[in-house]
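J.: Shown below is the structure under consideration.
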Amino acid sequence: MPENTASPENTALPEDTAAGGAGTARRTLRLGVAGPVGTGKSSLIATLCRELSGELSMAVVTNDIYTDEDARFLRSAGVLAEERIRAVETGACPHTAIRDDITANLDAVEDMEEEFAPVDLILVESGGDNLTATFSPALIDAQIFCLDVAGGGDVARKGGPGIGGADLLIVNKSDLAPHVGVDVEQMVADAEKARDGRPVLALSRTDADSVARLCSWVREVLAAHLSGAHTPQDPGPMAPHSHGPEDAGHGHGHGHGH
Amino acid sequence: MEGGTGALGALLLADARLPVGGHAHSATLEAALEAGMPAERIPDYIRARLATVARTEAAAAVAALRAARGEPVDFGPVQAALAARTPSAPLREASAALGRGLARLARRVAAGHPAVRALDTAGRAVPGLRVLRPVALGALGAAFGMTAEQTARASLYDDVQTVTAAALKLRPGDPLAAVDRLLAAAPRIEEVVREAAATATPHDIPACSAPLIDHWAGAHAHTTRRLFVA
């Protein structure tokens, strides 16, 4: 007989189905949060949990260089039940784990949707990587890309698939702008030019209005997802072209980066 | 997806770009290095795996391939035999995670194949454990029309390359040296391919675990600073 370490109540693991991917009729909204290291992704997720876990059933999957740093941060923040925060290993390839081989993340997402059903919102935090890492639409339904003012006012202008094509671009830590010599309004305006009208939000966790706008956006996407009106978009593999200042104001880059 | 894809299927299953979750695994190399095994002994580590766990898994993959040609297909005995020969719980879980990725792929590319449909019930043989990697590999081998040798080689190649690729992340060095490590193991890999290809029934699967690897894998499961699942 094979040895059996399973407890009796754990005898029937749910079988995966072929229709596990995003884009199928499914209650849970899977929302990705990507962006360079140190821009405040974990803090943004903690804020969302703090604000929304009272009204929504939520769970979080973190991707880290070393397993569970972000998961531990979130657990210690006390914003969500510990078992609803799960870390996946990425083999030192956080960009691969959210785009080219989403297996580990999909497993974690599907497990928690099953375990805590019904789940309204699962947040998937990418490992802090670079400006080119975005989520595959097979893993998530919508994605937030997170920059911060401390990374420099010109980052939004430089563009990239996340900056150009994510469903929402966050310019985080707006309260620090005066200290790092960045003009937040200019940074937001630069980002809007690169995004063909997709939303940009200057966020500070100490600015209650900005947090309220973030939560409203999530609620709107969730409602659109539930009504079937939302279609997952791929930000695309390539950054939209930058044409320099003389090109500003001409509708930008239609057909690029999609 | 129809037969006649055997040769291509063998390449596909050996390709690190196959999106089935393998990039997050180190074949317990991370734990071995963490426990103090010197990087110079990585070639010995590869040989040790080929003599033990990799040999058992290759034989199980061939047993699954043969089971996949039965009517009806029943992977239960292979799954149970392999679970019994994998004493480390974290290594059973790691194998099940990899099996889950392969099963997801199989359901996408060959949902109607009897061997792929049989994966739905294969896990029942061992309560609480999903389909193990070699079982899913055997099912895919059958769906692709692969031979026993191709299936065994895919299993062994994946094991060795999991170690060499993880080594580049854990003890960075010349990537070309990683290729040398694989080729140095080639004669032994082919020996094990021949041996594994002769596996007729689940009872023929050798019970070759490696106690030190099991021990390292157990410790790894409790560390918080991991790059790799196992």
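Letters A, B, ... go to the chains of the structure tokens in the order shown; residues in each chain start at 1; ligands are counted from 1 in the same order.
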At a cut-off of 6 Å, list the chain B residues touching chain A, using only C-alpha atoms, as a ChimeraX atom specification.

T.: /B:19-21,23-24,80,84,107,127-128,225-229

J.: Could you give me, as a list of chain:residue names, the residues within 10 Å of Leu121 (chain A), counting only C-alpha atoms and dropping anything in the same chain fewer than 3 positions from it?

T.: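 Non-adjacent residues within range: A:Arg27, A:Thr28, A:Leu29, A:Arg30, A:Leu31, A:Cys49, A:Leu52, A:Ser53, A:Leu56, A:Ser57, A:Met58, A:Ala59, A:Val60, A:Glu113, A:Pro118, A:Val124, A:Val218, A:Arg219, A:Leu222.
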
J.: So how many Å separate CA of Arg171 (chain B) and CA of His220 (chain B), to one decimal?

T.: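 Straight-line distance from CA of Arg171 (chain B) to CA of His220 (chain B) works out to 17.2 Å.
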
J.: Which of these residues is nearest to Ala71 (chain A), using only C-alpha atoms: A:Asp111, A:Leu123, A:Ile98, A:Pro36?

T.: A:Leu123

J.: Go through A:Glu115, A:Glu82, A:Asp120, A:Glu110 one by one, measure the shortest atom-to-atom distance of each to Leu139 (chain A) using only C-alpha atoms, and give the residue with the smallest value.

T.: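 Residue with the minimum atom-to-atom distance to Leu139 (chain A): A:Glu110.
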